[in-house]
>>> print(open('query.pdb').read())   # PDB, C-alpha atoms
ATOM      1  CA  MET A   1     -26.734 -78.059  -8.764  1.00  0.00           C
ATOM      2  CA  GLU A   2     -26.552 -76.121 -12.013  1.00  0.00           C
ATOM      3  CA  ASN A   3     -26.360 -72.358 -12.350  1.00  0.00           C
ATOM      4  CA  PHE A   4     -28.257 -70.471 -15.008  1.00  0.00           C
ATOM      5  CA  THR A   5     -27.882 -67.065 -16.609  1.00  0.00           C
ATOM      6  CA  ARG A   6     -31.023 -65.136 -17.399  1.00  0.00           C
ATOM      7  CA  ILE A   7     -30.907 -63.358 -20.739  1.00  0.00           C
ATOM      8  CA  PRO A   8     -33.561 -60.680 -21.212  1.00  0.00           C
ATOM      9  CA  ASN A   9     -35.796 -61.288 -24.219  1.00  0.00           C
ATOM     10  CA  SER A  10     -34.895 -57.808 -25.482  1.00  0.00           C
ATOM     11  CA  ALA A  11     -31.320 -59.011 -26.091  1.00  0.00           C
ATOM     12  CA  PHE A  12     -32.580 -61.044 -29.042  1.00  0.00           C
ATOM     13  CA  ASP A  13     -34.006 -57.946 -30.742  1.00  0.00           C
ATOM     14  CA  LEU A  14     -30.798 -55.893 -30.731  1.00  0.00           C
ATOM     15  CA  HIS A  15     -29.409 -57.120 -34.081  1.00  0.00           C
ATOM     16  CA  LEU A  16     -26.005 -57.916 -32.596  1.00  0.00           C
ATOM     17  CA  SER A  17     -23.222 -59.811 -34.285  1.00  0.00           C
ATOM     18  CA  SER A  18     -22.631 -63.272 -32.876  1.00  0.00           C
ATOM     19  CA  ILE A  19     -19.500 -62.076 -31.062  1.00  0.00           C
ATOM     20  CA  GLU A  20     -21.279 -59.047 -29.579  1.00  0.00           C
ATOM     21  CA  PHE A  21     -24.098 -61.334 -28.398  1.00  0.00           C
ATOM     22  CA  HIS A  22     -21.591 -63.788 -26.916  1.00  0.00           C
ATOM     23  CA  VAL A  23     -19.792 -61.013 -25.004  1.00  0.00           C
ATOM     24  CA  LEU A  24     -23.118 -59.596 -23.797  1.00  0.00           C
ATOM     25  CA  CYS A  25     -24.194 -63.023 -22.517  1.00  0.00           C
ATOM     26  CA  TYR A  26     -20.844 -63.425 -20.771  1.00  0.00           C
ATOM     27  CA  LEU A  27     -21.236 -60.054 -19.059  1.00  0.00           C
ATOM     28  CA  LEU A  28     -24.736 -61.075 -17.969  1.00  0.00           C
ATOM     29  CA  LYS A  29     -23.256 -64.287 -16.563  1.00  0.00           C
ATOM     30  CA  CYS A  30     -20.660 -62.306 -14.575  1.00  0.00           C
ATOM     31  CA  ARG A  31     -23.079 -59.654 -13.340  1.00  0.00           C
ATOM     32  CA  ASN A  32     -23.507 -59.223  -9.600  1.00  0.00           C
ATOM     33  CA  SER A  33     -27.180 -59.776  -8.789  1.00  0.00           C
ATOM     34  CA  VAL A  34     -27.176 -57.013  -6.155  1.00  0.00           C
ATOM     35  CA  THR A  35     -25.160 -54.226  -7.816  1.00  0.00           C
ATOM     36  CA  GLY A  36     -25.881 -55.149 -11.432  1.00  0.00           C
ATOM     37  CA  LYS A  37     -22.214 -54.594 -12.291  1.00  0.00           C
ATOM     38  CA  CYS A  38     -19.432 -56.912 -13.381  1.00  0.00           C
ATOM     39  CA  PHE A  39     -15.671 -56.551 -13.654  1.00  0.00           C
ATOM     40  CA  PRO A  40     -14.151 -59.152 -15.996  1.00  0.00           C
ATOM     41  CA  SER A  41     -10.937 -58.130 -17.709  1.00  0.00           C
ATOM     42  CA  TYR A  42     -10.544 -58.268 -21.476  1.00  0.00           C
ATOM     43  CA  SER A  43      -8.187 -61.193 -20.911  1.00  0.00           C
ATOM     44  CA  ARG A  44     -10.806 -63.082 -18.884  1.00  0.00           C
ATOM     45  CA  ILE A  45     -13.518 -62.469 -21.514  1.00  0.00           C
ATOM     46  CA  GLU A  46     -11.084 -63.524 -24.245  1.00  0.00           C
ATOM     47  CA  LYS A  47     -10.178 -66.739 -22.445  1.00  0.00           C
ATOM     48  CA  ASP A  48     -13.665 -67.752 -21.321  1.00  0.00           C
ATOM     49  CA  CYS A  49     -15.379 -66.879 -24.623  1.00  0.00           C
ATOM     50  CA  HIS A  50     -12.570 -68.278 -26.813  1.00  0.00           C
ATOM     51  CA  ILE A  51     -12.352 -65.161 -28.960  1.00  0.00           C
ATOM     52  CA  SER A  52      -9.443 -62.864 -29.768  1.00  0.00           C
ATOM     53  CA  ARG A  53      -8.659 -59.819 -27.672  1.00  0.00           C
ATOM     54  CA  SER A  54      -9.279 -57.517 -30.631  1.00  0.00           C
ATOM     55  CA  SER A  55     -12.745 -59.063 -31.042  1.00  0.00           C
ATOM     56  CA  VAL A  56     -13.461 -58.513 -27.344  1.00  0.00           C
ATOM     57  CA  VAL A  57     -12.374 -54.871 -27.546  1.00  0.00           C
ATOM     58  CA  LYS A  58     -14.456 -54.302 -30.674  1.00  0.00           C
ATOM     59  CA  ALA A  59     -17.539 -56.021 -29.203  1.00  0.00           C
ATOM     60  CA  VAL A  60     -17.341 -54.016 -25.966  1.00  0.00           C
ATOM     61  CA  LYS A  61     -16.944 -50.812 -27.980  1.00  0.00           C
ATOM     62  CA  HIS A  62     -19.991 -51.603 -30.136  1.00  0.00           C
ATOM     63  CA  LEU A  63     -22.121 -52.609 -27.142  1.00  0.00           C
ATOM     64  CA  GLU A  64     -21.183 -49.344 -25.465  1.00  0.00           C
ATOM     65  CA  GLU A  65     -21.893 -47.281 -28.608  1.00  0.00           C
ATOM     66  CA  LYS A  66     -25.338 -48.920 -28.845  1.00  0.00           C
ATOM     67  CA  ASN A  67     -25.941 -48.017 -25.159  1.00  0.00           C
ATOM     68  CA  ILE A  68     -26.449 -51.689 -24.310  1.00  0.00           C
ATOM     69  CA  ILE A  69     -23.712 -51.500 -21.691  1.00  0.00           C
ATOM     70  CA  THR A  70     -22.125 -48.688 -19.741  1.00  0.00           C
ATOM     71  CA  VAL A  71     -18.376 -49.020 -19.309  1.00  0.00           C
ATOM     72  CA  THR A  72     -16.613 -47.293 -16.443  1.00  0.00           C
ATOM     73  CA  ARG A  73     -12.864 -47.135 -16.808  1.00  0.00           C
ATOM     74  CA  ASN A  74     -11.210 -47.387 -13.411  1.00  0.00           C
ATOM     75  CA  TYR A  75      -7.871 -45.656 -12.851  1.00  0.00           C
ATOM     76  CA  ARG A  76      -5.424 -45.771  -9.992  1.00  0.00           C
ATOM     77  CA  ARG A  77      -2.581 -43.250  -9.935  1.00  0.00           C
ATOM     78  CA  GLN A  78      -3.511 -42.203 -13.475  1.00  0.00           C
ATOM     79  CA  VAL A  79      -3.041 -45.753 -14.776  1.00  0.00           C
ATOM     80  CA  MET A  80      -5.978 -47.677 -16.197  1.00  0.00           C
ATOM     81  CA  ARG A  81      -6.597 -50.699 -13.979  1.00  0.00           C
ATOM     82  CA  SER A  82      -9.901 -52.248 -14.972  1.00  0.00           C
ATOM     83  CA  ASN A  83     -13.314 -51.711 -16.463  1.00  0.00           C
ATOM     84  CA  SER A  84     -16.634 -52.172 -14.782  1.00  0.00           C
ATOM     85  CA  TYR A  85     -19.679 -52.940 -16.881  1.00  0.00           C
ATOM     86  CA  GLU A  86     -23.337 -52.252 -16.292  1.00  0.00           C
ATOM     87  CA  ILE A  87     -25.908 -53.833 -18.598  1.00  0.00           C
ATOM     88  CA  ASN A  88     -28.677 -51.468 -19.710  1.00  0.00           C
ATOM     89  CA  LEU A  89     -31.315 -54.042 -20.643  1.00  0.00           C
ATOM     90  CA  THR A  90     -34.709 -54.487 -19.043  1.00  0.00           C
TER      91      THR A  90
END
>>> encode(input="query.pdb", output="structure tokens")
Amino acid sequence: MENFTRIPNSAFDLHLSSIEFHVLCYLLKCRNSVTGKCFPSYSRIEKDCHISRSSVVKAVKHLEEKNIITVTRNYRRQVMRSNSYEINLT
């Protein structure tokens, strides 16, 4: 059985770069259907999308600046541990 990722039609109207669109689609793929959040590391996005870490960081930053995603930086003992992402598309 195959799995599918639903991409909202509005994602095609956002005028994203190809890398930003790729990262957005990956985050949609990872999203929990109940909570709407996902937690992939930069390293995981880099590996699975076959793009450089700097491109991942830049794409996440641009998606956040455009309010397409909300990034929550999670700390433990004042050390950054992970990010959680929420997609703001309808």
>>> resolve_selection(input="query.pdb", expression="the PyMOL selection byres ((chain A and resi 39) around 8)", output="ChimeraX atom specification")
/A:30,37-38,40-41,82-85
>>> closest_residue(input="query.pdb", among="A:Val57, A:Phe4, A:Thr90, A:Cys49", to="Tyr26 in chain A", atoms="all atoms listed in the file")
A:Cys49
>>> residues_near_point(input="query.pdb", point="(-23.5, -62.6, -25.8)", cutoff="12 Å", atoms="all atoms listed in the file", output="short mmCIF file (atom, residue, chain, number, x, y, z; two decimals) with C-alpha atoms, in the coordinates of the input")
data_model
loop_
_atom_site.label_atom_id
_atom_site.label_comp_id
_atom_site.auth_asym_id
_atom_site.auth_seq_id
_atom_site.Cartn_x
_atom_site.Cartn_y
_atom_site.Cartn_z
CA THR A 5 -27.88 -67.06 -16.61
CA ARG A 6 -31.02 -65.14 -17.40
CA ILE A 7 -30.91 -63.36 -20.74
CA PRO A 8 -33.56 -60.68 -21.21
CA ALA A 11 -31.32 -59.01 -26.09
CA PHE A 12 -32.58 -61.04 -29.04
CA LEU A 14 -30.80 -55.89 -30.73
CA HIS A 15 -29.41 -57.12 -34.08
CA LEU A 16 -26.00 -57.92 -32.60
CA SER A 17 -23.22 -59.81 -34.28
CA SER A 18 -22.63 -63.27 -32.88
CA ILE A 19 -19.50 -62.08 -31.06
CA GLU A 20 -21.28 -59.05 -29.58
CA PHE A 21 -24.10 -61.33 -28.40
CA HIS A 22 -21.59 -63.79 -26.92
CA VAL A 23 -19.79 -61.01 -25.00
CA LEU A 24 -23.12 -59.60 -23.80
CA CYS A 25 -24.19 -63.02 -22.52
CA TYR A 26 -20.84 -63.42 -20.77
CA LEU A 27 -21.24 -60.05 -19.06
CA LEU A 28 -24.74 -61.08 -17.97
CA LYS A 29 -23.26 -64.29 -16.56
CA CYS A 30 -20.66 -62.31 -14.58
CA ILE A 45 -13.52 -62.47 -21.51
CA ASP A 48 -13.66 -67.75 -21.32
CA CYS A 49 -15.38 -66.88 -24.62
CA ILE A 51 -12.35 -65.16 -28.96
CA VAL A 56 -13.46 -58.51 -27.34
CA ALA A 59 -17.54 -56.02 -29.20
CA VAL A 60 -17.34 -54.02 -25.97
CA LEU A 63 -22.12 -52.61 -27.14
CA ILE A 68 -26.45 -51.69 -24.31
CA ILE A 69 -23.71 -51.50 -21.69
CA ILE A 87 -25.91 -53.83 -18.60
#
>>> atom_distance(input="query.pdb", atom1="CA of Ser33 in chain A", atom2="CA of Asn3 in chain A")
13.1 Å
>>> atom_distance(input="query.pdb", atom1="CA of Thr72 in chain A", atom2="CA of Glu86 in chain A")
8.4 Å
>>> axis_aligned_box(input="query.pdb", around="range 28-37 of chain A", padding_each_side="6 Å", output="lines of an AutoDock Vina configuration file")
center_x = -23.9
center_y = -59.3
center_z = -12.1
size_x = 18.5
size_y = 22.1
size_z = 23.8
>>> atom_distance(input="query.pdb", atom1="CA of Leu89 in chain A", atom2="CA of Lys58 in chain A")
19.6 Å
>>> build_atoms(input="query.pdb", residues="range 46-78 of chain A", atoms="N, CA and C atoms", output="JSON list (two decimals), in the coordinates of the input")
[["chain", "number", "residue", "atom", "x", "y", "z"],
["A", 46, "GLU", "N", -11.76, -62.85, -23.13],
["A", 46, "GLU", "CA", -11.08, -63.52, -24.24],
["A", 46, "GLU", "C", -10.92, -65.02, -23.97],
["A", 47, "LYS", "N", -10.44, -65.34, -22.80],
["A", 47, "LYS", "CA", -10.18, -66.74, -22.44],
["A", 47, "LYS", "C", -11.48, -67.54, -22.32],
["A", 48, "ASP", "N", -12.44, -67.00, -21.59],
["A", 48, "ASP", "CA", -13.66, -67.75, -21.32],
["A", 48, "ASP", "C", -14.58, -67.86, -22.54],
["A", 49, "CYS", "N", -14.53, -66.86, -23.43],
["A", 49, "CYS", "CA", -15.38, -66.88, -24.62],
["A", 49, "CYS", "C", -14.67, -67.45, -25.85],
["A", 50, "HIS", "N", -13.36, -67.71, -25.72],
["A", 50, "HIS", "CA", -12.57, -68.28, -26.81],
["A", 50, "HIS", "C", -12.61, -67.40, -28.06],
["A", 51, "ILE", "N", -12.42, -66.10, -27.85],
["A", 51, "ILE", "CA", -12.35, -65.16, -28.96],
["A", 51, "ILE", "C", -11.12, -64.28, -28.76],
["A", 52, "SER", "N", -10.66, -63.67, -29.84],
["A", 52, "SER", "CA", -9.44, -62.86, -29.77],
["A", 52, "SER", "C", -9.67, -61.59, -28.97],
["A", 53, "ARG", "N", -8.59, -61.06, -28.45],
["A", 53, "ARG", "CA", -8.66, -59.82, -27.67],
["A", 53, "ARG", "C", -9.22, -58.68, -28.52],
["A", 54, "SER", "N", -8.79, -58.60, -29.77],
["A", 54, "SER", "CA", -9.28, -57.52, -30.63],
["A", 54, "SER", "C", -10.80, -57.64, -30.84],
["A", 55, "SER", "N", -11.30, -58.86, -30.91],
["A", 55, "SER", "CA", -12.74, -59.06, -31.04],
["A", 55, "SER", "C", -13.48, -58.66, -29.77],
["A", 56, "VAL", "N", -12.88, -58.93, -28.63],
["A", 56, "VAL", "CA", -13.46, -58.51, -27.34],
["A", 56, "VAL", "C", -13.54, -57.00, -27.28],
["A", 57, "VAL", "N", -12.43, -56.33, -27.60],
["A", 57, "VAL", "CA", -12.37, -54.87, -27.55],
["A", 57, "VAL", "C", -13.41, -54.27, -28.48],
["A", 58, "LYS", "N", -13.50, -54.81, -29.69],
["A", 58, "LYS", "CA", -14.46, -54.30, -30.67],
["A", 58, "LYS", "C", -15.90, -54.54, -30.21],
["A", 59, "ALA", "N", -16.19, -55.72, -29.66],
["A", 59, "ALA", "CA", -17.54, -56.02, -29.20],
["A", 59, "ALA", "C", -17.96, -55.11, -28.05],
["A", 60, "VAL", "N", -17.05, -54.91, -27.10],
["A", 60, "VAL", "CA", -17.34, -54.02, -25.97],
["A", 60, "VAL", "C", -17.60, -52.60, -26.48],
["A", 61, "LYS", "N", -16.78, -52.15, -27.41],
["A", 61, "LYS", "CA", -16.94, -50.81, -27.98],
["A", 61, "LYS", "C", -18.31, -50.67, -28.65],
["A", 62, "HIS", "N", -18.70, -51.66, -29.45],
["A", 62, "HIS", "CA", -19.99, -51.60, -30.14],
["A", 62, "HIS", "C", -21.16, -51.68, -29.16],
["A", 63, "LEU", "N", -21.06, -52.52, -28.14],
["A", 63, "LEU", "CA", -22.12, -52.61, -27.14],
["A", 63, "LEU", "C", -22.27, -51.29, -26.39],
["A", 64, "GLU", "N", -21.14, -50.64, -26.14],
["A", 64, "GLU", "CA", -21.18, -49.34, -25.46],
["A", 64, "GLU", "C", -21.77, -48.27, -26.39],
["A", 65, "GLU", "N", -21.37, -48.26, -27.65],
["A", 65, "GLU", "CA", -21.89, -47.28, -28.61],
["A", 65, "GLU", "C", -23.40, -47.42, -28.80],
["A", 66, "LYS", "N", -23.90, -48.66, -28.70],
["A", 66, "LYS", "CA", -25.34, -48.92, -28.84],
["A", 66, "LYS", "C", -26.09, -48.72, -27.53],
["A", 67, "ASN", "N", -25.38, -48.26, -26.49],
["A", 67, "ASN", "CA", -25.94, -48.02, -25.16],
["A", 67, "ASN", "C", -26.55, -49.28, -24.53],
["A", 68, "ILE", "N", -26.01, -50.43, -24.89],
["A", 68, "ILE", "CA", -26.45, -51.69, -24.31],
["A", 68, "ILE", "C", -25.72, -51.92, -22.99],
["A", 69, "ILE", "N", -24.48, -51.44, -22.94],
["A", 69, "ILE", "CA", -23.71, -51.50, -21.69],
["A", 69, "ILE", "C", -23.12, -50.12, -21.41],
["A", 70, "THR", "N", -22.86, -49.88, -20.15],
["A", 70, "THR", "CA", -22.12, -48.69, -19.74],
["A", 70, "THR", "C", -20.78, -49.17, -19.19],
["A", 71, "VAL", "N", -19.72, -48.63, -19.73],
["A", 71, "VAL", "CA", -18.38, -49.02, -19.31],
["A", 71, "VAL", "C", -17.79, -47.89, -18.47],
["A", 72, "THR", "N", -17.32, -48.24, -17.29],
["A", 72, "THR", "CA", -16.61, -47.29, -16.44],
["A", 72, "THR", "C", -15.16, -47.73, -16.40],
["A", 73, "ARG", "N", -14.30, -46.84, -16.82],
["A", 73, "ARG", "CA", -12.86, -47.14, -16.81],
["A", 73, "ARG", "C", -12.29, -46.70, -15.46],
["A", 74, "ASN", "N", -11.72, -47.64, -14.76],
["A", 74, "ASN", "CA", -11.21, -47.39, -13.41],
["A", 74, "ASN", "C", -9.70, -47.16, -13.44],
["A", 75, "TYR", "N", -9.28, -46.04, -12.88],
["A", 75, "TYR", "CA", -7.87, -45.66, -12.85],
["A", 75, "TYR", "C", -7.37, -45.62, -11.42],
["A", 76, "ARG", "N", -6.11, -45.94, -11.26],
["A", 76, "ARG", "CA", -5.42, -45.77, -9.99],
["A", 76, "ARG", "C", -4.06, -45.15, -10.30],
["A", 77, "ARG", "N", -3.81, -44.00, -9.68],
["A", 77, "ARG", "CA", -2.58, -43.25, -9.94],
["A", 77, "ARG", "C", -2.40, -42.97, -11.43],
["A", 78, "GLN", "N", -3.47, -42.58, -12.06],
["A", 78, "GLN", "CA", -3.51, -42.20, -13.48],
["A", 78, "GLN", "C", -3.16, -43.35, -14.42]]
